[in-house]
There are 2 protein chains.
Amino acid sequence: MRCLSREDLARVANELRDELIALGAAGGGHFAGSLGVVELTVALHTVFETPDDRVIWDVGHQAYGHKALTGRREALARIKRSDGPSGFLRRAESPYDVFGAGHAGTSISAALGVAEAFARSGSPRRAVAVIGDGGATAGMAFEALNHAGHLGAALRVVWNDNGMAIAPNVGGLARTRDVRGYIESLGLLYLGPIDGHDLDALLDALAALRDADGPAVLHVRTRKGCGYAPAEADPYGWHATAPFERTSGARAASASGGPPSWTAAFADALARIADHDPRVVAITAAMPDGTGLDRFARRHPDRVYDVGIAEQHAVTFAAGLAAEGLRPVCAIYSTFLQRAFDQIVHDVALQELPVIFALDRAGLVGGDGPTHHGVFDFAYLRMIPHLVVAAPRDENELGRLLATAVESARPFAIRFPRGAARGVPLDPEPKPLEIGRGELLHDGDAVALVAIGSTVAPALEAAERLAAGGIRCSVVDARFAKPLDADLLERVAKRARAVVCVEDHVLAGGFGSGVLELLAERAPGVPVQRLGLPDAFVEHGEIERQWRSAGIDVDAIEAAALEALHAKSGSRDG
Amino acid sequence: MRCLSREDLARVANELRDELIALGAAGGGHFAGSLGVVELTVALHTVFETPDDRVIWDVGHQAYGHKALTGRREALARIKRSDGPSGFLRRAESPYDVFGAGHAGTSISAALGVAEAFARSGSPRRAVAVIGDGGATAGMAFEALNHAGHLGAALRVVWNDNGMAIAPNVGGLARTRDVRGYIESLGLLYLGPIDGHDLDALLDALAALRDADGPAVLHVRTRKGCGYAPAEADPYGWHATAPFERTSGARAASASGGPPSWTAAFADALARIADHDPRVVAITAAMPDGTGLDRFARRHPDRVYDVGIAEQHAVTFAAGLAAEGLRPVCAIYSTFLQRAFDQIVHDVALQELPVIFALDRAGLVGGDGPTHHGVFDFAYLRMIPHLVVAAPRDENELGRLLATAVESARPFAIRFPRGAARGVPLDPEPKPLEIGRGELLHDGDAVALVAIGSTVAPALEAAERLAAGGIRCSVVDARFAKPLDADLLERVAKRARAVVCVEDHVLAGGFGSGVLELLAERAPGVPVQRLGLPDAFVEHGEIERQWRSAGIDVDAIEAAALEALHAKSGSRDG
């Protein structure tokens, strides 16, 4: 590509855009972001000597064109499937993916490290971060720019300004649009702004960026969805899409008639609670659609805060609201709330402020893969004093747990999975539950199956299968990972020949580990087997395969119960 | 104070400064920060209607004057002691401490939450954050400013610019000093700069800040240590101090002849390894003294990065360095590394990059209290796939573990406590150990005492006491919390009547929880008792009392072993 004329490069860009549109039409997926950087992608790979020069993309939603140009054209049709490439950047996938991504705002830090390593070894190679104005709302992007302005390393940054995160971008900087003032105040050279769809201008500007002496930022203005009219008109709606008919832009209808998504169920339950409780407000970190707060806002438009991709601030801001009597609900995906672990400990739990955390996308998430699984939350939350940690088995329980949280005035986390909820009927009004009280859903004395959240349904199904074979197991919905229902768990454990815990979460320190801790005191000698994710990152792919492979589906629970029964279990008292 | 004339206020300020100097001379402690804000503290409490107006201080090192003016004058002599006030802000301590602090950069987020809550309720009360230019290098402070510029809430910020964090402040903004450009680019009103030691100017400027319509930042220039010549001349050296002779500034010599601090032992071991390995570089988040990197830099001045109070960036920057072949060591206190939990998962462990984490101040830290204890690290680290997690029992083992980490090319965390190390002789060259191999330090078949890091010594002492009474216990130094030495632990557990684990860490999900998980598989039926911190935040105070109260000292270990022996333990096979 580096030998092509500018006219030929323009043709490459047009073909690439055409291909991305065809790909989206056929398979759906993340769409508008990559269309917005077609010319930029072509220009970057032309001006820089990739992969020797390191181009580091932020997040990856916009990197489909990059993947197509770097040997993954065919594979893109299988993106996010277990037999296809990752939806994000991934070092193992290509030498052109020089630094993995998935969570926003990491690229400048990584590129600065790379640039500094090159400077130490005297290498002439270059490091370029490509970050959106949305990603740049993440505090760590500021930290990295500020450090770069101090170090003076030859860091290059392309600031892809399309006015959008997933939703329209927020923040004072998005309002003033004074990117120059911001960048220069941090001591970096500002170049631009230029039109990111003008390939000639891009090639010239990137060459200037390449040849800059110190840390420099090129400000590129792009239009998310560029080149596909429906996406340009509604880039938010076309951030990700279902397959569509190319000419009309008509999109495949999502399946109707099934149960609501967990996300919608959360939004609706919260809206109903907020109807009667003016203290309830909701906070999203730049994901009003993914978290359901768009939907909540239709009923309570003045009670939603979009703080940008700023989970740390979201949590401490919520703590400030809570300190003055409000009941803020931080609706943040499980994996993204990892960004605010310290703030949960330090600003919420230590002060016992009534902040509610609604963790969507908990557990395995399928195609988005290891950067997006929410499989650490039981562990990183249950260690925190004063925090209540719960997971509903169905959407009605979700409403009840939200009501419980609001009423409790305690720091309270509720995690629930991606996808469709269970389709159960809903209480007219969500009523609070007793904190720390689980539920015995199925009685029996062979094996006690202890589940929580999304593993309750498969545990019940396994118990029914076992019952059909004459083996009666108890099934406990623990409901709370913290505090555990110690009395109930002790009772069922002591009556059973063994306990089998199951969770869609890592085994190390997780829910089952908490049950093990409890039973080591309350029912010592009762064998406890834990099913959950092994000590490894789970690759992207189909979620059913992930569950099967992790050994937490119905078959695995049934097998574990049988094995526990037949094992030469130690005799014991009690 | 609000009725006093300006002359009287100036007298109050002078008296306050005098008292702070007397306090520092008598008892030592955090010193220079509070001296730098004497006039500001007096002016804030004069211009704003505290505590109805909410003044929210960042961190708290500079808030001793605030404490003195708000009813804690006498108590300050006992600061950080179990019978005295916290060294930081604390809601439970005073209605004037409206939001707790300890970790930097939280005040703007909290104040914005408070301001927004007031706006919702139509309250005329005001919210003011007081943040240093050091604290403002934290990404979350940027996130909060950016959100404030978007919201337009009547947030007030006092930007206390003394050019210092603990050490001289770093970052591009500290270099350009263009605070106005930075603040205005984010859409906030900039006021100032003013001289923070000119009380008249301060009173006028704070009144203007108070009466501003939207979000506004008052830029105040102060001198850390102001009013005490030795501290003004060396504010870094006087950030915290030993007791001193007021006239000469001569400071009490620290005790000599004892063992080195863990911090010094770390710095020296790392320096020796770096002598032979040019890949080793070290990173601090604005704590070159506390982490020992000042000391390391005396031998390797060009191999230390101070990135500012920016733990998130520190970790991903390290990952970038590691991706290009370096062996970065992030020297970050256990409690502050909580800020980078997501980056450890997402940027280091997932990509298996060889970043080394050296977690100083792990475990209980005494006087600094709950915001500074490093008691969650085993739990938040051991859940992460690919990460090695270790803790040395003495400073020689620390050197060996560092050598192991550098050689291993794996993501690797080493935690060690505050205070004096053990005083053991050091190997001429630190040699790598086998990863996942513990050590049997004492043999016996009554009870197996399983310890790690700082609990190995008390476990050994307990075993010696028990041996004196004819009870022979084994003592295992697990050395690695992950991977555990499964064979060794299985062997000692199966031979013993019970296992007692001990850690200076929360019980939920911690080291002992990992041992329990392992033994539930490898040695089911063996009773395991875990000693560690209960599910509560441990208040500030004397560290020996904290250990005793948590039940992890020698007496507690001895008692637990005896109890385990005498308990009617379940019979079992094996």
# chains A, B, ... in the order shown; residues from 1 in each chain; ligands from 1
>>> interface_residues(of="chain B", to="chain A", cutoff="6 Å", atoms="only C-alpha atoms", output="NGL selection string")
:B and (109-110 or 113-114 or 117 or 139-140 or 142-144 or 146-147 or 149-150 or 171-173 or 176 or 178 or 181-182 or 185-187 or 307 or 310 or 312-313 or 316-317 or 320-321 or 338-339 or 342 or 380 or 383 or 385 or 508-509 or 525 or 535-536 or 570-573)
>>> write_last_selection(atoms="N, CA and C atoms", output="short mmCIF file (atom, residue, chain, number, x, y, z; two decimals), in the first residue's frame")
data_model
loop_
_atom_site.label_atom_id
_atom_site.label_comp_id
_atom_site.auth_asym_id
_atom_site.auth_seq_id
_atom_site.Cartn_x
_atom_site.Cartn_y
_atom_site.Cartn_z
N SER B 109 -14.96 14.98 42.45
CA SER B 109 -16.10 14.09 42.20
C SER B 109 -17.11 14.17 43.33
N ALA B 110 -16.61 14.08 44.55
CA ALA B 110 -17.52 14.10 45.70
C ALA B 110 -18.24 15.44 45.78
N GLY B 113 -20.98 15.74 43.28
CA GLY B 113 -22.17 15.01 43.72
C GLY B 113 -22.96 15.82 44.74
N VAL B 114 -22.25 16.40 45.68
CA VAL B 114 -22.91 17.21 46.71
C VAL B 114 -23.59 18.43 46.07
N ALA B 117 -26.68 17.35 44.30
CA ALA B 117 -27.75 17.01 45.24
C ALA B 117 -28.40 18.29 45.78
N GLY B 139 -6.34 10.85 37.35
CA GLY B 139 -7.28 10.87 36.24
C GLY B 139 -8.70 11.17 36.67
N MET B 140 -9.07 10.70 37.84
CA MET B 140 -10.46 10.93 38.23
C MET B 140 -10.74 12.39 38.51
N PHE B 142 -9.56 14.80 36.64
CA PHE B 142 -9.90 15.25 35.28
C PHE B 142 -11.32 14.85 34.92
N GLU B 143 -11.66 13.59 35.19
CA GLU B 143 -13.01 13.11 34.87
C GLU B 143 -14.06 13.99 35.51
N ALA B 144 -13.80 14.37 36.76
CA ALA B 144 -14.77 15.17 37.50
C ALA B 144 -14.85 16.59 36.95
N ASN B 146 -14.19 17.51 33.93
CA ASN B 146 -14.81 17.42 32.61
C ASN B 146 -16.33 17.27 32.74
N HIS B 147 -16.74 16.48 33.71
CA HIS B 147 -18.18 16.32 33.94
C HIS B 147 -18.80 17.62 34.45
N GLY B 149 -17.82 20.62 33.84
CA GLY B 149 -17.92 21.56 32.72
C GLY B 149 -19.11 21.28 31.83
N HIS B 150 -19.56 20.04 31.88
CA HIS B 150 -20.71 19.62 31.08
C HIS B 150 -22.01 19.90 31.82
N GLY B 171 4.35 16.17 35.40
CA GLY B 171 3.29 16.24 34.41
C GLY B 171 3.44 17.44 33.51
N GLY B 172 2.86 17.32 32.33
CA GLY B 172 2.93 18.41 31.37
C GLY B 172 2.31 19.68 31.91
N LEU B 173 1.22 19.54 32.66
CA LEU B 173 0.56 20.73 33.20
C LEU B 173 1.45 21.43 34.23
N THR B 176 3.93 23.36 31.91
CA THR B 176 3.41 24.56 31.23
C THR B 176 2.85 25.57 32.24
N ASP B 178 -0.03 26.11 32.78
CA ASP B 178 -1.17 26.76 32.13
C ASP B 178 -2.48 26.23 32.70
N GLY B 181 -5.54 27.56 30.89
CA GLY B 181 -5.85 26.89 29.62
C GLY B 181 -6.52 25.55 29.85
N TYR B 182 -6.01 24.83 30.83
CA TYR B 182 -6.57 23.51 31.13
C TYR B 182 -8.01 23.63 31.61
N SER B 185 -10.44 24.94 28.91
CA SER B 185 -10.72 23.96 27.85
C SER B 185 -11.80 22.98 28.30
N LEU B 186 -11.94 22.79 29.61
CA LEU B 186 -12.95 21.86 30.14
C LEU B 186 -14.27 22.57 30.45
N GLY B 187 -14.32 23.85 30.14
CA GLY B 187 -15.60 24.55 30.24
C GLY B 187 -15.93 25.10 31.61
N VAL B 307 5.24 9.08 37.41
CA VAL B 307 4.16 9.38 36.46
C VAL B 307 3.09 10.30 37.06
N ALA B 310 -1.10 8.61 39.40
CA ALA B 310 -1.75 8.11 38.20
C ALA B 310 -1.49 6.61 38.10
N GLN B 312 -3.43 4.15 37.35
CA GLN B 312 -3.97 3.47 36.16
C GLN B 312 -2.99 3.59 35.01
N HIS B 313 -2.57 4.80 34.77
CA HIS B 313 -1.59 5.01 33.69
C HIS B 313 -0.29 4.29 33.99
N THR B 316 -0.56 0.61 32.81
CA THR B 316 -0.65 0.38 31.37
C THR B 316 0.59 0.90 30.66
N PHE B 317 1.17 1.98 31.16
CA PHE B 317 2.47 2.45 30.67
C PHE B 317 3.51 1.35 30.86
N GLY B 320 3.09 -1.25 28.29
CA GLY B 320 3.67 -0.83 27.02
C GLY B 320 5.18 -1.03 27.00
N LEU B 321 5.84 -0.67 28.08
CA LEU B 321 7.29 -0.91 28.20
C LEU B 321 7.58 -2.41 28.09
N GLN B 338 -4.96 -0.55 44.20
CA GLN B 338 -6.38 -0.80 43.99
C GLN B 338 -6.93 0.06 42.86
N ARG B 339 -6.34 1.23 42.68
CA ARG B 339 -6.77 2.13 41.61
C ARG B 339 -6.58 1.52 40.22
N ASP B 342 -8.29 -2.79 37.24
CA ASP B 342 -8.72 -3.13 35.88
C ASP B 342 -7.54 -3.21 34.92
N TYR B 380 -7.59 -9.39 45.62
CA TYR B 380 -7.83 -8.77 44.30
C TYR B 380 -6.81 -9.21 43.27
N MET B 383 -7.26 -13.65 42.09
CA MET B 383 -8.33 -14.04 41.18
C MET B 383 -7.94 -13.85 39.71
N PRO B 385 -6.14 -14.45 36.35
CA PRO B 385 -5.36 -15.49 35.67
C PRO B 385 -3.99 -14.96 35.23
N ALA B 508 -12.06 -12.75 53.64
CA ALA B 508 -12.92 -13.03 52.49
C ALA B 508 -12.09 -13.06 51.20
N GLY B 509 -11.90 -14.24 50.67
CA GLY B 509 -11.21 -14.37 49.39
C GLY B 509 -9.70 -14.28 49.48
N GLY B 525 -11.91 -32.95 54.22
CA GLY B 525 -12.14 -33.48 55.56
C GLY B 525 -11.15 -32.98 56.59
N ASP B 535 -14.48 -9.02 58.63
CA ASP B 535 -15.15 -8.28 57.57
C ASP B 535 -15.52 -6.88 58.05
N ALA B 536 -14.49 -6.06 58.30
CA ALA B 536 -14.70 -4.71 58.81
C ALA B 536 -13.47 -3.89 58.48
N GLY B 570 -13.83 -33.76 63.08
CA GLY B 570 -14.45 -34.87 62.38
C GLY B 570 -13.39 -35.90 62.01
N SER B 571 -13.70 -37.17 62.15
CA SER B 571 -12.76 -38.18 61.65
C SER B 571 -12.79 -38.12 60.14
N ARG B 572 -11.80 -38.69 59.53
CA ARG B 572 -11.72 -38.58 58.07
C ARG B 572 -10.77 -39.63 57.55
N ASP B 573 -10.77 -39.80 56.28
CA ASP B 573 -9.78 -40.72 55.70
C ASP B 573 -8.50 -39.97 55.37
#
>>> residues_around(residues="Arg400 in chain B", least_positions_apart="2", cutoff="8 Å", atoms="only C-alpha atoms", output="MDAnalysis selection string")
chainID B and resid 396:398 402:404 430:433
>>> atom_distance(atom1="CA of Val42 in chain A", atom2="CA of Leu16 in chain A")
8.8 Å
>>> residues_around(residues="Glu563 in chain A", least_positions_apart="2", cutoff="12 Å", atoms="only C-alpha atoms", output="list in words")
Ala446, Val447, Arg497, Ala498, Val499, Val500, Pro527, Val528, Gln529, Ala556, Ile557, Glu558, Ala559, Ala560, Ala561, Leu565, His566, Ala567, Lys568 and Ser569 of chain A
>>> write_last_selection(atoms="C-alpha atoms", output="CSV table (one decimal), in the first residue's frame")
chain,number,residue,atom,x,y,z
A,446,ALA,CA,-28.7,-36.4,48.5
A,447,VAL,CA,-26.6,-33.4,47.3
A,497,ARG,CA,-23.9,-36.0,51.5
A,498,ALA,CA,-22.1,-33.2,49.7
A,499,VAL,CA,-22.5,-29.7,48.5
A,500,VAL,CA,-22.0,-28.5,44.9
A,527,PRO,CA,-17.4,-32.2,51.1
A,528,VAL,CA,-17.9,-29.1,49.0
A,529,GLN,CA,-17.3,-29.0,45.3
A,556,ALA,CA,-21.9,-30.5,34.4
A,557,ILE,CA,-24.0,-29.8,37.5
A,558,GLU,CA,-25.7,-33.2,37.1
A,559,ALA,CA,-22.4,-34.9,36.6
A,560,ALA,CA,-20.8,-33.2,39.6
A,561,ALA,CA,-23.7,-34.2,41.8
A,565,LEU,CA,-22.6,-38.9,45.6
A,566,HIS,CA,-20.4,-41.8,44.4
A,567,ALA,CA,-17.2,-40.4,45.8
A,568,LYS,CA,-15.8,-42.1,48.8
A,569,SER,CA,-16.7,-39.2,50.9
>>> residues_around(residues="Phe244 in chain A", least_positions_apart="2", cutoff="10 Å", atoms="only C-alpha atoms", output="NGL selection string")
:A and (21-28 or 241-242 or 246-253)
>>> decode(residues="range 154-232 of chain B", atoms="C-alpha atoms", output="mmCIF file, in the first residue's frame")
data_model
loop_
_atom_site.group_PDB
_atom_site.id
_atom_site.type_symbol
_atom_site.label_atom_id
_atom_site.label_comp_id
_atom_site.auth_asym_id
_atom_site.auth_seq_id
_atom_site.Cartn_x
_atom_site.Cartn_y
_atom_site.Cartn_z
ATOM 1 C CA ALA B 154 -22.444 25.287 40.848
ATOM 2 C CA LEU B 155 -19.319 23.395 41.808
ATOM 3 C CA ARG B 156 -16.478 25.342 43.382
ATOM 4 C CA VAL B 157 -12.900 24.143 43.271
ATOM 5 C CA VAL B 158 -9.889 25.610 45.014
ATOM 6 C CA TRP B 159 -6.795 24.567 43.077
ATOM 7 C CA ASN B 160 -4.010 24.661 45.646
ATOM 8 C CA ASP B 161 -0.954 24.990 43.450
ATOM 9 C CA ASN B 162 2.254 24.510 45.401
ATOM 10 C CA GLY B 163 4.153 22.675 42.712
ATOM 11 C CA MET B 164 4.301 19.592 44.856
ATOM 12 C CA ALA B 165 2.685 16.265 45.395
ATOM 13 C CA ILE B 166 4.711 14.656 48.185
ATOM 14 C CA ALA B 167 7.699 15.131 45.894
ATOM 15 C CA PRO B 168 7.866 17.939 43.312
ATOM 16 C CA ASN B 169 4.842 17.596 41.091
ATOM 17 C CA VAL B 170 5.237 16.113 37.631
ATOM 18 C CA GLY B 171 3.288 16.241 34.407
ATOM 19 C CA GLY B 172 2.932 18.406 31.375
ATOM 20 C CA LEU B 173 0.560 20.727 33.198
ATOM 21 C CA ALA B 174 3.125 21.232 35.974
ATOM 22 C CA ARG B 175 5.587 22.157 33.233
ATOM 23 C CA THR B 176 3.408 24.562 31.229
ATOM 24 C CA ARG B 177 1.734 25.900 34.414
ATOM 25 C CA ASP B 178 -1.169 26.763 32.131
ATOM 26 C CA VAL B 179 -3.877 25.977 34.643
ATOM 27 C CA ARG B 180 -6.098 28.568 33.017
ATOM 28 C CA GLY B 181 -5.849 26.888 29.624
ATOM 29 C CA TYR B 182 -6.566 23.513 31.135
ATOM 30 C CA ILE B 183 -9.568 24.620 33.174
ATOM 31 C CA GLU B 184 -11.101 26.731 30.418
ATOM 32 C CA SER B 185 -10.723 23.955 27.848
ATOM 33 C CA LEU B 186 -12.949 21.864 30.137
ATOM 34 C CA GLY B 187 -15.602 24.546 30.242
ATOM 35 C CA LEU B 188 -15.164 25.844 33.785
ATOM 36 C CA LEU B 189 -14.695 29.428 34.871
ATOM 37 C CA TYR B 190 -11.093 30.147 35.860
ATOM 38 C CA LEU B 191 -10.390 32.638 38.645
ATOM 39 C CA GLY B 192 -6.940 33.703 39.776
ATOM 40 C CA PRO B 193 -4.141 33.081 40.162
ATOM 41 C CA ILE B 194 -3.803 34.609 43.585
ATOM 42 C CA ASP B 195 -1.221 34.478 46.342
ATOM 43 C CA GLY B 196 -2.513 31.972 48.881
ATOM 44 C CA HIS B 197 -0.624 33.610 51.705
ATOM 45 C CA ASP B 198 -2.260 37.010 51.180
ATOM 46 C CA LEU B 199 -5.286 36.672 53.423
ATOM 47 C CA ASP B 200 -7.022 39.769 52.069
ATOM 48 C CA ALA B 201 -6.697 38.601 48.501
ATOM 49 C CA LEU B 202 -7.904 35.155 49.510
ATOM 50 C CA LEU B 203 -10.991 36.449 51.276
ATOM 51 C CA ASP B 204 -11.952 38.509 48.236
ATOM 52 C CA ALA B 205 -11.218 35.762 45.740
ATOM 53 C CA LEU B 206 -13.093 33.124 47.716
ATOM 54 C CA ALA B 207 -16.076 35.460 47.892
ATOM 55 C CA ALA B 208 -15.955 35.728 44.108
ATOM 56 C CA LEU B 209 -15.721 31.942 43.875
ATOM 57 C CA ARG B 210 -18.633 31.589 46.265
ATOM 58 C CA ASP B 211 -20.761 33.902 44.148
ATOM 59 C CA ALA B 212 -19.895 32.426 40.756
ATOM 60 C CA ASP B 213 -22.852 31.138 38.796
ATOM 61 C CA GLY B 214 -21.576 27.926 37.263
ATOM 62 C CA PRO B 215 -18.652 25.601 37.907
ATOM 63 C CA ALA B 216 -15.582 27.617 38.808
ATOM 64 C CA VAL B 217 -11.987 27.028 39.813
ATOM 65 C CA LEU B 218 -9.947 29.406 41.917
ATOM 66 C CA HIS B 219 -6.241 29.022 41.290
ATOM 67 C CA VAL B 220 -4.314 29.677 44.496
ATOM 68 C CA ARG B 221 -0.536 29.656 44.620
ATOM 69 C CA THR B 222 0.903 28.529 47.931
ATOM 70 C CA ARG B 223 4.252 27.473 49.312
ATOM 71 C CA LYS B 224 4.313 24.104 50.999
ATOM 72 C CA GLY B 225 5.878 24.560 54.424
ATOM 73 C CA CYS B 226 5.155 28.296 54.434
ATOM 74 C CA GLY B 227 6.140 30.023 57.626
ATOM 75 C CA TYR B 228 8.723 27.538 58.799
ATOM 76 C CA ALA B 229 11.990 28.268 57.043
ATOM 77 C CA PRO B 230 13.510 24.772 56.985
ATOM 78 C CA ALA B 231 10.279 23.341 55.522
ATOM 79 C CA GLU B 232 9.986 26.124 52.960
#
